[in-house]
file structure-v7.pdb (PDB, C-alpha atoms, pLDDT in the B column)
ATOM      1  CA  LEU A  14      80.505 178.622  90.394  1.00 70.00           C
ATOM      2  CA  VAL A  15      79.998 177.778  86.715  1.00 74.00           C
ATOM      3  CA  ALA A  16      82.740 176.545  84.388  1.00 72.00           C
ATOM      4  CA  THR A  17      81.846 175.909  80.752  1.00 76.00           C
ATOM      5  CA  GLY A  18      85.254 174.723  79.580  1.00 76.00           C
ATOM      6  CA  ARG A  19      87.204 175.484  76.426  1.00 80.00           C
ATOM      7  CA  VAL A  20      88.852 173.642  73.570  1.00 84.00           C
ATOM      8  CA  ALA A  21      92.116 174.084  71.711  1.00 87.00           C
ATOM      9  CA  ASN A  22      91.945 176.455  68.724  1.00 87.00           C
ATOM     10  CA  VAL A  23      94.136 174.727  66.153  1.00 90.00           C
ATOM     11  CA  GLN A  24      92.080 175.246  63.017  1.00 86.00           C
ATOM     12  CA  ASN A  25      93.208 177.129  59.903  1.00 88.00           C
ATOM     13  CA  MET A  26      96.864 176.884  60.868  1.00 89.00           C
ATOM     14  CA  GLY A  27      97.958 174.646  58.002  1.00 91.00           C
ATOM     15  CA  LEU A  28      99.016 171.892  60.396  1.00 93.00           C
ATOM     16  CA  GLY A  29      97.788 169.156  58.084  1.00 90.00           C
ATOM     17  CA  ASP A  30      99.828 170.585  55.229  1.00 92.00           C
ATOM     18  CA  VAL A  31     103.050 169.696  57.070  1.00 94.00           C
ATOM     19  CA  GLY A  32     101.770 166.390  58.455  1.00 94.00           C
ATOM     20  CA  VAL A  33     100.902 167.442  62.016  1.00 95.00           C
ATOM     21  CA  GLN A  34      97.907 165.411  63.216  1.00 95.00           C
ATOM     22  CA  ILE A  35      95.033 166.350  65.509  1.00 94.00           C
ATOM     23  CA  ASN A  36      94.085 164.145  68.460  1.00 92.00           C
ATOM     24  CA  SER A  37      90.484 163.044  67.861  1.00 89.00           C
ATOM     25  CA  LYS A  38      89.819 162.698  71.595  1.00 89.00           C
ATOM     26  CA  THR A  39      91.126 166.084  72.750  1.00 88.00           C
ATOM     27  CA  ASN A  40      90.804 168.093  69.507  1.00 90.00           C
ATOM     28  CA  GLY A  41      94.329 169.296  70.194  1.00 94.00           C
ATOM     29  CA  ILE A  42      97.655 168.722  68.476  1.00 96.00           C
ATOM     30  CA  GLN A  43      98.753 165.078  68.767  1.00 96.00           C
ATOM     31  CA  VAL A  44     102.060 164.703  70.649  1.00 97.00           C
ATOM     32  CA  ASN A  45     103.980 161.867  72.281  1.00 96.00           C
ATOM     33  CA  ASP A  46     105.117 161.900  75.903  1.00 96.00           C
ATOM     34  CA  LYS A  47     108.160 164.000  74.863  1.00 97.00           C
ATOM     35  CA  LEU A  48     105.768 166.606  73.347  1.00 97.00           C
ATOM     36  CA  GLU A  49     106.903 165.905  69.774  1.00 97.00           C
ATOM     37  CA  THR A  50     104.331 165.642  66.987  1.00 96.00           C
ATOM     38  CA  GLN A  51     104.377 162.999  64.267  1.00 95.00           C
ATOM     39  CA  VAL A  52     106.637 165.362  62.316  1.00 96.00           C
ATOM     40  CA  LYS A  53     110.188 165.143  63.587  1.00 94.00           C
ATOM     41  CA  GLY A  54     111.384 168.454  64.997  1.00 94.00           C
ATOM     42  CA  ILE A  55     107.911 169.963  65.497  1.00 96.00           C
ATOM     43  CA  TYR A  56     106.753 170.142  69.107  1.00 97.00           C
ATOM     44  CA  ALA A  57     103.616 171.402  70.828  1.00 96.00           C
ATOM     45  CA  ALA A  58     102.980 172.314  74.448  1.00 97.00           C
ATOM     46  CA  GLY A  59     100.190 173.595  76.648  1.00 95.00           C
ATOM     47  CA  ASP A  60      96.533 174.151  75.837  1.00 94.00           C
ATOM     48  CA  CYS A  61      96.960 173.572  72.089  1.00 95.00           C
ATOM     49  CA  THR A  62      97.560 169.864  72.783  1.00 95.00           C
ATOM     50  CA  GLY A  63      94.113 169.548  74.352  1.00 92.00           C
ATOM     51  CA  ASP A  64      95.626 168.229  77.577  1.00 93.00           C
ATOM     52  CA  GLN A  65      94.760 169.590  81.032  1.00 92.00           C
ATOM     53  CA  GLN A  66      94.456 173.362  80.660  1.00 91.00           C
ATOM     54  CA  PHE A  67      96.387 175.028  83.451  1.00 93.00           C
ATOM     55  CA  THR A  68      98.806 177.924  83.130  1.00 94.00           C
ATOM     56  CA  HIS A  69     101.422 176.172  85.268  1.00 96.00           C
ATOM     57  CA  TYR A  70     101.143 172.978  83.210  1.00 96.00           C
ATOM     58  CA  ALA A  71     101.536 174.915  79.958  1.00 96.00           C
ATOM     59  CA  GLY A  72     104.609 176.682  81.355  1.00 97.00           C
ATOM     60  CA  PHE A  73     106.063 173.371  82.506  1.00 97.00           C
ATOM     61  CA  GLN A  74     105.481 171.791  79.112  1.00 97.00           C
ATOM     62  CA  GLY A  75     106.893 174.795  77.285  1.00 97.00           C
ATOM     63  CA  ALA A  76     110.141 174.500  79.234  1.00 98.00           C
ATOM     64  CA  ILE A  77     110.343 170.747  78.613  1.00 98.00           C
ATOM     65  CA  ALA A  78     109.614 171.164  74.896  1.00 97.00           C
ATOM     66  CA  ALA A  79     112.364 173.787  74.560  1.00 97.00           C
ATOM     67  CA  ARG A  80     114.783 171.518  76.412  1.00 97.00           C
ATOM     68  CA  ASN A  81     113.909 168.568  74.166  1.00 97.00           C
ATOM     69  CA  ILE A  82     114.377 170.652  71.011  1.00 96.00           C
ATOM     70  CA  LEU A  83     117.829 171.869  72.059  1.00 96.00           C
ATOM     71  CA  LEU A  84     119.320 168.955  73.990  1.00 95.00           C
ATOM     72  CA  PRO A  85     119.677 165.158  73.590  1.00 92.00           C
ATOM     73  CA  LEU A  86     118.128 162.511  75.893  1.00 92.00           C
ATOM     74  CA  LYS A  87     114.622 163.955  75.877  1.00 94.00           C
ATOM     75  CA  ASP A  88     112.565 164.405  79.074  1.00 96.00           C
ATOM     76  CA  PRO A  89     108.872 163.466  79.401  1.00 96.00           C
ATOM     77  CA  GLY A  90     106.514 166.415  79.367  1.00 96.00           C
ATOM     78  CA  VAL A  91     103.090 164.794  79.691  1.00 96.00           C
ATOM     79  CA  ARG A  92     101.806 164.243  83.219  1.00 93.00           C
ATOM     80  CA  SER A  93      98.715 162.336  84.262  1.00 87.00           C
ATOM     81  CA  GLU A  94      98.608 164.077  87.632  1.00 89.00           C
ATOM     82  CA  VAL A  95      98.647 167.869  87.614  1.00 95.00           C
ATOM     83  CA  PRO A  96      97.938 169.948  90.736  1.00 96.00           C
ATOM     84  CA  SER A  97      95.048 172.373  90.338  1.00 95.00           C
ATOM     85  CA  THR A  98      93.726 175.233  92.430  1.00 96.00           C
ATOM     86  CA  THR A  99      90.469 177.149  92.176  1.00 94.00           C
ATOM     87  CA  PHE A 100      91.115 180.584  93.686  1.00 94.00           C
ATOM     88  CA  THR A 101      87.876 181.020  95.567  1.00 93.00           C
ATOM     89  CA  ASP A 102      87.701 181.981  99.251  1.00 92.00           C
ATOM     90  CA  PRO A 103      88.780 179.602 100.660  1.00 95.00           C
ATOM     91  CA  GLU A 104      90.911 178.104  97.875  1.00 96.00           C
ATOM     92  CA  VAL A 105      90.149 174.589  96.642  1.00 97.00           C
ATOM     93  CA  ALA A 106      93.136 172.514  95.487  1.00 98.00           C
ATOM     94  CA  SER A 107      93.619 168.900  94.477  1.00 97.00           C
ATOM     95  CA  PHE A 108      95.871 166.442  92.690  1.00 96.00           C
ATOM     96  CA  GLY A 109      96.039 162.716  92.056  1.00 96.00           C
ATOM     97  CA  LEU A 110      93.344 160.243  93.019  1.00 96.00           C
ATOM     98  CA  THR A 111      90.318 160.895  95.184  1.00 96.00           C
ATOM     99  CA  GLU A 112      89.489 158.336  97.859  1.00 97.00           C
ATOM    100  CA  GLN A 113      86.829 156.692  95.684  1.00 96.00           C
ATOM    101  CA  ASN A 114      89.051 156.596  92.610  1.00 96.00           C
ATOM    102  CA  ALA A 115      91.882 155.108  94.649  1.00 97.00           C
ATOM    103  CA  ILE A 116      89.593 152.405  96.061  1.00 97.00           C
ATOM    104  CA  SER A 117      88.399 151.578  92.555  1.00 96.00           C
ATOM    105  CA  GLN A 118      91.999 151.224  91.396  1.00 96.00           C
ATOM    106  CA  TYR A 119      93.662 149.531  94.375  1.00 96.00           C
ATOM    107  CA  GLY A 120      90.815 147.955  96.361  1.00 95.00           C
ATOM    108  CA  GLU A 121      89.080 149.122  99.532  1.00 90.00           C
ATOM    109  CA  GLY A 122      91.459 147.440 101.971  1.00 91.00           C
ATOM    110  CA  GLU A 123      94.523 148.930 100.255  1.00 96.00           C
ATOM    111  CA  VAL A 124      93.609 152.600 100.635  1.00 97.00           C
ATOM    112  CA  SER A 125      93.651 154.859 103.701  1.00 97.00           C
ATOM    113  CA  THR A 126      92.929 158.538 104.245  1.00 97.00           C
ATOM    114  CA  SER A 127      94.009 161.217 106.679  1.00 97.00           C
ATOM    115  CA  PHE A 128      91.564 164.063 107.328  1.00 98.00           C
ATOM    116  CA  ARG A 129      92.006 167.255 109.336  1.00 97.00           C
ATOM    117  CA  PRO A 130      89.455 170.100 109.450  1.00 97.00           C
ATOM    118  CA  LEU A 131      90.701 173.686 109.697  1.00 96.00           C
ATOM    119  CA  SER A 132      89.122 173.804 113.154  1.00 96.00           C
ATOM    120  CA  LYS A 133      92.036 171.573 114.279  1.00 96.00           C
ATOM    121  CA  ILE A 134      94.731 173.777 112.699  1.00 96.00           C
ATOM    122  CA  ASP A 135      96.055 176.485 115.026  1.00 96.00           C
ATOM    123  CA  ARG A 136      96.892 178.998 112.291  1.00 96.00           C
ATOM    124  CA  ALA A 137      93.363 178.844 110.928  1.00 96.00           C
ATOM    125  CA  ILE A 138      91.980 179.332 114.438  1.00 96.00           C
ATOM    126  CA  CYS A 139      94.227 182.370 115.035  1.00 95.00           C
ATOM    127  CA  GLU A 140      93.087 183.967 111.772  1.00 95.00           C
ATOM    128  CA  GLY A 141      89.415 183.147 112.276  1.00 95.00           C
ATOM    129  CA  LYS A 142      89.445 180.949 109.159  1.00 93.00           C
ATOM    130  CA  ASP A 143      88.601 177.699 110.920  1.00 90.00           C
ATOM    131  CA  SER A 144      84.885 177.479 110.163  1.00 88.00           C
ATOM    132  CA  GLN A 145      85.237 176.123 106.623  1.00 91.00           C
ATOM    133  CA  GLY A 146      87.851 173.876 105.094  1.00 96.00           C
ATOM    134  CA  PHE A 147      89.948 170.744 105.521  1.00 98.00           C
ATOM    135  CA  ILE A 148      92.984 168.806 104.365  1.00 98.00           C
ATOM    136  CA  LYS A 149      92.423 165.269 103.103  1.00 98.00           C
ATOM    137  CA  VAL A 150      95.245 163.007 101.958  1.00 98.00           C
ATOM    138  CA  THR A 151      94.701 159.605 100.334  1.00 98.00           C
ATOM    139  CA  TYR A 152      97.535 157.077 100.548  1.00 97.00           C
ATOM    140  CA  GLN A 153      98.285 153.361 100.201  1.00 97.00           C
ATOM    141  CA  SER A 154      97.645 151.523 103.462  1.00 96.00           C
ATOM    142  CA  LYS A 155     100.799 149.406 103.467  1.00 94.00           C
ATOM    143  CA  SER A 156     103.476 151.534 101.826  1.00 96.00           C
ATOM    144  CA  LYS A 157     101.978 154.894 102.920  1.00 96.00           C
ATOM    145  CA  GLN A 158     102.702 156.218  99.421  1.00 97.00           C
ATOM    146  CA  ILE A 159     100.626 159.288  98.639  1.00 98.00           C
ATOM    147  CA  LEU A 160      97.942 158.795  95.991  1.00 97.00           C
ATOM    148  CA  GLY A 161      96.236 162.170  96.022  1.00 97.00           C
ATOM    149  CA  ALA A 162      94.885 165.011  98.117  1.00 98.00           C
ATOM    150  CA  THR A 163      92.086 167.556  98.341  1.00 98.00           C
ATOM    151  CA  ILE A 164      92.479 170.771 100.311  1.00 98.00           C
ATOM    152  CA  VAL A 165      90.003 173.543 101.080  1.00 98.00           C
ATOM    153  CA  ALA A 166      91.901 176.305 102.894  1.00 97.00           C
ATOM    154  CA  PRO A 167      93.164 179.887 102.515  1.00 96.00           C
ATOM    155  CA  VAL A 168      96.545 178.587 101.268  1.00 96.00           C
ATOM    156  CA  ALA A 169      95.402 175.386  99.572  1.00 97.00           C
ATOM    157  CA  GLY A 170      97.444 176.173  96.442  1.00 96.00           C
ATOM    158  CA  GLU A 171     100.668 176.288  98.440  1.00 96.00           C
ATOM    159  CA  LEU A 172      99.893 173.169 100.484  1.00 97.00           C
ATOM    160  CA  ILE A 173      98.999 171.055  97.453  1.00 97.00           C
ATOM    161  CA  SER A 174     102.389 171.848  95.912  1.00 96.00           C
ATOM    162  CA  GLU A 175     104.202 170.354  98.909  1.00 97.00           C
ATOM    163  CA  LEU A 176     102.210 167.147  98.653  1.00 97.00           C
ATOM    164  CA  THR A 177     102.789 166.967  94.900  1.00 96.00           C
ATOM    165  CA  LEU A 178     106.536 167.343  95.436  1.00 95.00           C
ATOM    166  CA  ALA A 179     106.473 164.614  98.091  1.00 96.00           C
ATOM    167  CA  LYS A 180     104.653 162.216  95.772  1.00 95.00           C
ATOM    168  CA  ASP A 181     107.001 162.941  92.859  1.00 93.00           C
ATOM    169  CA  GLY A 182     109.924 162.228  95.182  1.00 94.00           C
ATOM    170  CA  LYS A 183     108.278 158.954  96.296  1.00 95.00           C
ATOM    171  CA  MET A 184     108.126 160.205  99.874  1.00 96.00           C
ATOM    172  CA  SER A 185     105.685 158.207 102.005  1.00 97.00           C
ATOM    173  CA  PHE A 186     103.070 160.157 103.919  1.00 97.00           C
ATOM    174  CA  ASP A 187     104.304 159.041 107.336  1.00 97.00           C
ATOM    175  CA  GLN A 188     107.716 160.579 106.539  1.00 97.00           C
ATOM    176  CA  PHE A 189     106.124 164.011 106.922  1.00 97.00           C
ATOM    177  CA  ALA A 190     106.477 163.366 110.653  1.00 96.00           C
ATOM    178  CA  THR A 191     110.249 163.756 110.296  1.00 95.00           C
ATOM    179  CA  VAL A 192     110.141 166.967 108.210  1.00 96.00           C
ATOM    180  CA  MET A 193     110.154 170.005 110.482  1.00 96.00           C
ATOM    181  CA  HIS A 194     107.667 172.762 109.649  1.00 97.00           C
ATOM    182  CA  SER A 195     107.487 176.200 111.243  1.00 97.00           C
ATOM    183  CA  TYR A 196     104.752 176.869 113.793  1.00 97.00           C
ATOM    184  CA  PRO A 197     102.086 178.152 113.543  1.00 96.00           C
ATOM    185  CA  SER A 198     101.944 177.674 109.788  1.00 97.00           C
ATOM    186  CA  TYR A 199      99.205 175.991 107.825  1.00 97.00           C
ATOM    187  CA  SER A 200     101.740 173.520 106.471  1.00 97.00           C
ATOM    188  CA  ILE A 201     102.592 172.128 109.915  1.00 97.00           C
ATOM    189  CA  ALA A 202      99.250 170.349 109.682  1.00 97.00           C
ATOM    190  CA  LEU A 203     100.861 168.060 107.107  1.00 98.00           C
ATOM    191  CA  GLN A 204     103.602 167.185 109.598  1.00 97.00           C
ATOM    192  CA  GLN A 205     101.008 166.517 112.293  1.00 97.00           C
ATOM    193  CA  MET A 206      98.886 164.380 109.992  1.00 97.00           C
ATOM    194  CA  GLY A 207     101.956 162.438 108.909  1.00 97.00           C
ATOM    195  CA  ALA A 208     102.875 161.973 112.566  1.00 96.00           C
ATOM    196  CA  ASP A 209      99.478 160.403 113.283  1.00 95.00           C
ATOM    197  CA  VAL A 210     100.169 157.825 110.556  1.00 95.00           C
ATOM    198  CA  TYR A 211     103.756 157.337 111.768  1.00 93.00           C
ATOM    199  CA  TYR A 212     102.777 156.724 115.406  1.00 91.00           C
ATOM    200  CA  ASP A 213     100.012 154.358 114.381  1.00 90.00           C
ATOM    201  CA  LYS A 214     102.611 152.357 112.442  1.00 85.00           C
ATOM    202  CA  LEU A 215     104.851 152.291 115.522  1.00 85.00           C
ATOM    203  CA  LYS A 216     102.016 150.938 117.660  1.00 83.00           C
ATOM    204  CA  LYS A 217     101.433 148.102 115.225  1.00 78.00           C
ATOM    205  CA  SER A 218     105.165 147.241 115.341  1.00 74.00           C
ATOM    206  CA  LYS A 219     105.479 147.424 119.142  1.00 73.00           C
ATOM    207  CA  LYS A 220     106.134 143.689 119.623  1.00 74.00           C
ATOM    208  CA  LEU A 221     108.958 143.767 117.093  1.00 70.00           C
ATOM    209  CA  TYR A 222     110.517 146.830 118.730  1.00 68.00           C
ATOM    210  CA  ASP A 223     110.270 145.177 122.157  1.00 72.00           C
ATOM    211  CA  VAL A 224     112.257 142.199 120.868  1.00 70.00           C
ATOM    212  CA  LEU A 225     114.870 144.437 119.247  1.00 69.00           C
ATOM    213  CA  LYS A 226     115.210 146.417 122.447  1.00 76.00           C
ATOM    214  CA  LYS A 227     115.808 143.268 124.494  1.00 75.00           C
ATOM    215  CA  ILE A 228     118.675 142.219 122.276  1.00 78.00           C
ATOM    216  CA  GLY A 229     120.228 145.669 122.551  1.00 76.00           C
ATOM    217  CA  LEU A 230     119.458 147.088 119.110  1.00 66.00           C
TER
END
call {"tool": "encode", "arguments": {"input": "structure-v7.pdb", "output": "structure tokens"}}
result
Amino acid sequence: LVATGRVANVQNMGLGDVGVQINSKTNGIQVNDKLETQVKGIYAAGDCTGDQQFTHYAGFQGAIAARNILLPLKDPGVRSEVPSTTFTDPEVASFGLTEQNAISQYGEGEVSTSFRPLSKIDRAICEGKDSQGFIKVTYQSKSKQILGATIVAPVAGELISELTLAKDGKMSFDQFATVMHSYPSYSIALQQMGADVYYDKLKKSKKLYDVLKKIGL
């Protein structure tokens, strides 16, 4: 698999004539977090900004830019974490921090991971897709807040979206234990992985729960 990359094509458009600047780092149109250029009323979105080049990100930014042009109280349209999927067989999807990046940022003792190979996922076994692939979620050890994930699976693109939504909603990974998923779906693996984290947390709090039980709570 070879990817050579691409750059924004913003030359010979007369942008400089109206005062629109080019970002020297990305070679794309310079915008703020609301997607507005240095020229009031001129916005840019998607690949032409030189930001992460994904169709879904460009569509997201286009909608935000249109909203900000038409309505007051502008919304942010630049995201540091964008889910991505490479549509190979199996699919490869990721978002957020890898385990190593998370350790570098938060410290080794502050980061935990949950890993499940497809050989432990019933749907993959039923479909004969269990020989290659996994789900790996990186989260903060204390708060259980999700930091990132990498998935190699037939439906990795769908699974990564659920984790992205959970992170955006500040849902801790152990809370997946309380979100019912249909069986046998690939996504129920997220519930099972969250349950492992949830039950481990319960074990560590057993003494506290024993005291609360004695006093009738």
call {"tool": "resolve_selection", "arguments": {"input": "structure-v7.pdb", "expression": "the PyMOL selection byres ((chain A and resi 127-130) around 10)", "output": "ChimeraX atom specification"}}
result
/A:125-126,131-134,137,143-152,162-166,186,202-203,205-207,209-210
call {"tool": "resolve_selection", "arguments": {"input": "structure-v7.pdb", "expression": "the PyMOL selection byres ((chain A and resi 18-35) around 12)", "output": "ChimeraX atom specification"}}
result
/A:15-17,36-45,49-67
call {"tool": "write_last_selection", "arguments": {"input": "structure-v7.pdb", "atoms": "C-alpha atoms", "output": "short mmCIF file (atom, residue, chain, number, x, y, z; two decimals), in the frame of the given file"}}
result
data_model
loop_
_atom_site.label_atom_id
_atom_site.label_comp_id
_atom_site.auth_asym_id
_atom_site.auth_seq_id
_atom_site.Cartn_x
_atom_site.Cartn_y
_atom_site.Cartn_z
CA VAL A 15 80.00 177.78 86.72
CA ALA A 16 82.74 176.54 84.39
CA THR A 17 81.85 175.91 80.75
CA ASN A 36 94.08 164.14 68.46
CA SER A 37 90.48 163.04 67.86
CA LYS A 38 89.82 162.70 71.60
CA THR A 39 91.13 166.08 72.75
CA ASN A 40 90.80 168.09 69.51
CA GLY A 41 94.33 169.30 70.19
CA ILE A 42 97.66 168.72 68.48
CA GLN A 43 98.75 165.08 68.77
CA VAL A 44 102.06 164.70 70.65
CA ASN A 45 103.98 161.87 72.28
CA GLU A 49 106.90 165.90 69.77
CA THR A 50 104.33 165.64 66.99
CA GLN A 51 104.38 163.00 64.27
CA VAL A 52 106.64 165.36 62.32
CA LYS A 53 110.19 165.14 63.59
CA GLY A 54 111.38 168.45 65.00
CA ILE A 55 107.91 169.96 65.50
CA TYR A 56 106.75 170.14 69.11
CA ALA A 57 103.62 171.40 70.83
CA ALA A 58 102.98 172.31 74.45
CA GLY A 59 100.19 173.60 76.65
CA ASP A 60 96.53 174.15 75.84
CA CYS A 61 96.96 173.57 72.09
CA THR A 62 97.56 169.86 72.78
CA GLY A 63 94.11 169.55 74.35
CA ASP A 64 95.63 168.23 77.58
CA GLN A 65 94.76 169.59 81.03
CA GLN A 66 94.46 173.36 80.66
CA PHE A 67 96.39 175.03 83.45
#
call {"tool": "residues_around", "arguments": {"input": "structure-v7.pdb", "residues": "Glu94 of chain A", "least_positions_apart": "4", "cutoff": "9 Å", "atoms": "only C-alpha atoms", "output": "list in words"}}
result
Phe108, Gly109, Leu110, Gly161 and Thr177 of chain A
call {"tool": "atom_distance", "arguments": {"input": "structure-v7.pdb", "atom1": "atom CA of Gly229 of chain A", "atom2": "atom CA of Lys214 of chain A"}}
result
21.4 Å
call {"tool": "atom_distance", "arguments": {"input": "structure-v7.pdb", "atom1": "atom CA of Ala106 of chain A", "atom2": "atom CA of Ala169 of chain A"}}
result
5.5 Å
call {"tool": "atom_distance", "arguments": {"input": "structure-v7.pdb", "atom1": "atom CA of Gly90 of chain A", "atom2": "atom CA of Lys47 of chain A"}}
result
5.4 Å
call {"tool": "closest_residue", "arguments": {"input": "structure-v7.pdb", "among": "A:Leu160, A:Pro96, A:Asp187, A:Ser200", "to": "Thr111 of chain A", "atoms": "only C-alpha atoms"}}
result
A:Leu160
call {"tool": "closest_residue", "arguments": {"input": "structure-v7.pdb", "among": "A:Ser198, A:Lys155, A:Ile82, A:Lys216", "to": "Tyr119 of chain A", "atoms": "only C-alpha atoms"}}
result
A:Lys155
call {"tool": "residues_around", "arguments": {"input": "structure-v7.pdb", "residues": "Val168 of chain A", "least_positions_apart": "4", "cutoff": "9 Å", "atoms": "all atoms listed in the file", "output": "number ranges by chain"}}
result
A: 103-105, 164, 172-173, 199-200
call {"tool": "residues_around", "arguments": {"input": "structure-v7.pdb", "residues": "Gln204 of chain A", "least_positions_apart": "5", "cutoff": "7 Å", "atoms": "all atoms listed in the file", "output": "mmCIF file with C-alpha atoms, in the coordinates of the input"}}
result
data_model
loop_
_atom_site.group_PDB
_atom_site.id
_atom_site.type_symbol
_atom_site.label_atom_id
_atom_site.label_comp_id
_atom_site.auth_asym_id
_atom_site.auth_seq_id
_atom_site.Cartn_x
_atom_site.Cartn_y
_atom_site.Cartn_z
ATOM 1 C CA PHE A 189 106.124 164.011 106.922
ATOM 2 C CA ALA A 190 106.477 163.366 110.653
ATOM 3 C CA VAL A 192 110.141 166.967 108.210
ATOM 4 C CA HIS A 194 107.667 172.762 109.649
#
call {"tool": "axis_aligned_box", "arguments": {"input": "structure-v7.pdb", "around": "segment 85-92 of chain A", "padding_each_side": "6 Å", "output": "lines of an AutoDock Vina configuration file"}}
result
center_x = 110.7
center_y = 164.5
center_z = 78.4
size_x = 29.9
size_y = 15.9
size_z = 21.6
call {"tool": "closest_residue", "arguments": {"input": "structure-v7.pdb", "among": "A:Pro167, A:Ser195, A:Ala208, A:Gln118", "to": "Ile138 of chain A", "atoms": "all atoms listed in the file"}}
result
A:Pro167
call {"tool": "decode", "arguments": {"input": "structure-v7.pdb", "residues": "segment 49-64 of chain A", "atoms": "N, CA, C and O atoms", "output": "tab-separated table (two decimals), in the first residue's frame"}}
result
chain	number	residue	atom	x	y	z
A	49	GLU	N	-12.76	31.14	9.05
A	49	GLU	CA	-12.74	32.43	8.37
A	49	GLU	C	-11.29	32.83	8.07
A	49	GLU	O	-10.40	32.63	8.89
A	50	THR	N	-11.07	33.38	6.90
A	50	THR	CA	-9.74	33.86	6.53
A	50	THR	C	-9.48	35.21	7.20
A	50	THR	O	-10.31	35.71	7.95
A	51	GLN	N	-8.32	35.80	6.89
A	51	GLN	CA	-8.01	37.11	7.45
A	51	GLN	C	-8.94	38.19	6.91
A	51	GLN	O	-9.03	39.27	7.48
A	52	VAL	N	-9.61	37.89	5.81
A	52	VAL	CA	-10.54	38.84	5.21
A	52	VAL	C	-11.95	38.53	5.71
A	52	VAL	O	-12.47	37.43	5.47
A	53	LYS	N	-12.52	39.45	6.43
A	53	LYS	CA	-13.84	39.25	7.01
A	53	LYS	C	-14.86	38.89	5.93
A	53	LYS	O	-14.96	39.55	4.89
A	54	GLY	N	-15.60	37.81	6.19
A	54	GLY	CA	-16.64	37.38	5.26
A	54	GLY	C	-16.19	36.36	4.24
A	54	GLY	O	-17.02	35.81	3.52
A	55	ILE	N	-14.89	36.08	4.17
A	55	ILE	CA	-14.38	35.05	3.25
A	55	ILE	C	-13.95	33.84	4.07
A	55	ILE	O	-13.10	33.94	4.95
A	56	TYR	N	-14.54	32.70	3.75
A	56	TYR	CA	-14.28	31.46	4.48
A	56	TYR	C	-13.68	30.42	3.55
A	56	TYR	O	-13.82	30.50	2.32
A	57	ALA	N	-13.03	29.44	4.12
A	57	ALA	CA	-12.49	28.32	3.35
A	57	ALA	C	-12.70	27.04	4.15
A	57	ALA	O	-12.68	27.05	5.39
A	58	ALA	N	-12.91	25.94	3.45
A	58	ALA	CA	-13.17	24.67	4.13
A	58	ALA	C	-12.62	23.52	3.31
A	58	ALA	O	-12.51	23.60	2.08
A	59	GLY	N	-12.24	22.46	4.00
A	59	GLY	CA	-11.80	21.25	3.30
A	59	GLY	C	-10.35	21.26	2.90
A	59	GLY	O	-9.50	21.94	3.49
A	60	ASP	N	-10.04	20.51	1.83
A	60	ASP	CA	-8.67	20.29	1.41
A	60	ASP	C	-7.91	21.57	1.09
A	60	ASP	O	-6.69	21.65	1.25
A	61	CYS	N	-8.61	22.61	0.64
A	61	CYS	CA	-7.92	23.84	0.24
A	61	CYS	C	-7.28	24.56	1.41
A	61	CYS	O	-6.44	25.44	1.22
A	62	THR	N	-7.64	24.18	2.65
A	62	THR	CA	-7.00	24.78	3.82
A	62	THR	C	-5.70	24.08	4.17
A	62	THR	O	-4.96	24.56	5.03
A	63	GLY	N	-5.44	22.94	3.54
A	63	GLY	CA	-4.23	22.19	3.84
A	63	GLY	C	-4.32	21.37	5.11
A	63	GLY	O	-3.34	20.77	5.55
A	64	ASP	N	-5.50	21.31	5.70
A	64	ASP	CA	-5.72	20.51	6.90
A	64	ASP	C	-5.85	19.04	6.50
A	64	ASP	O	-5.66	18.68	5.33
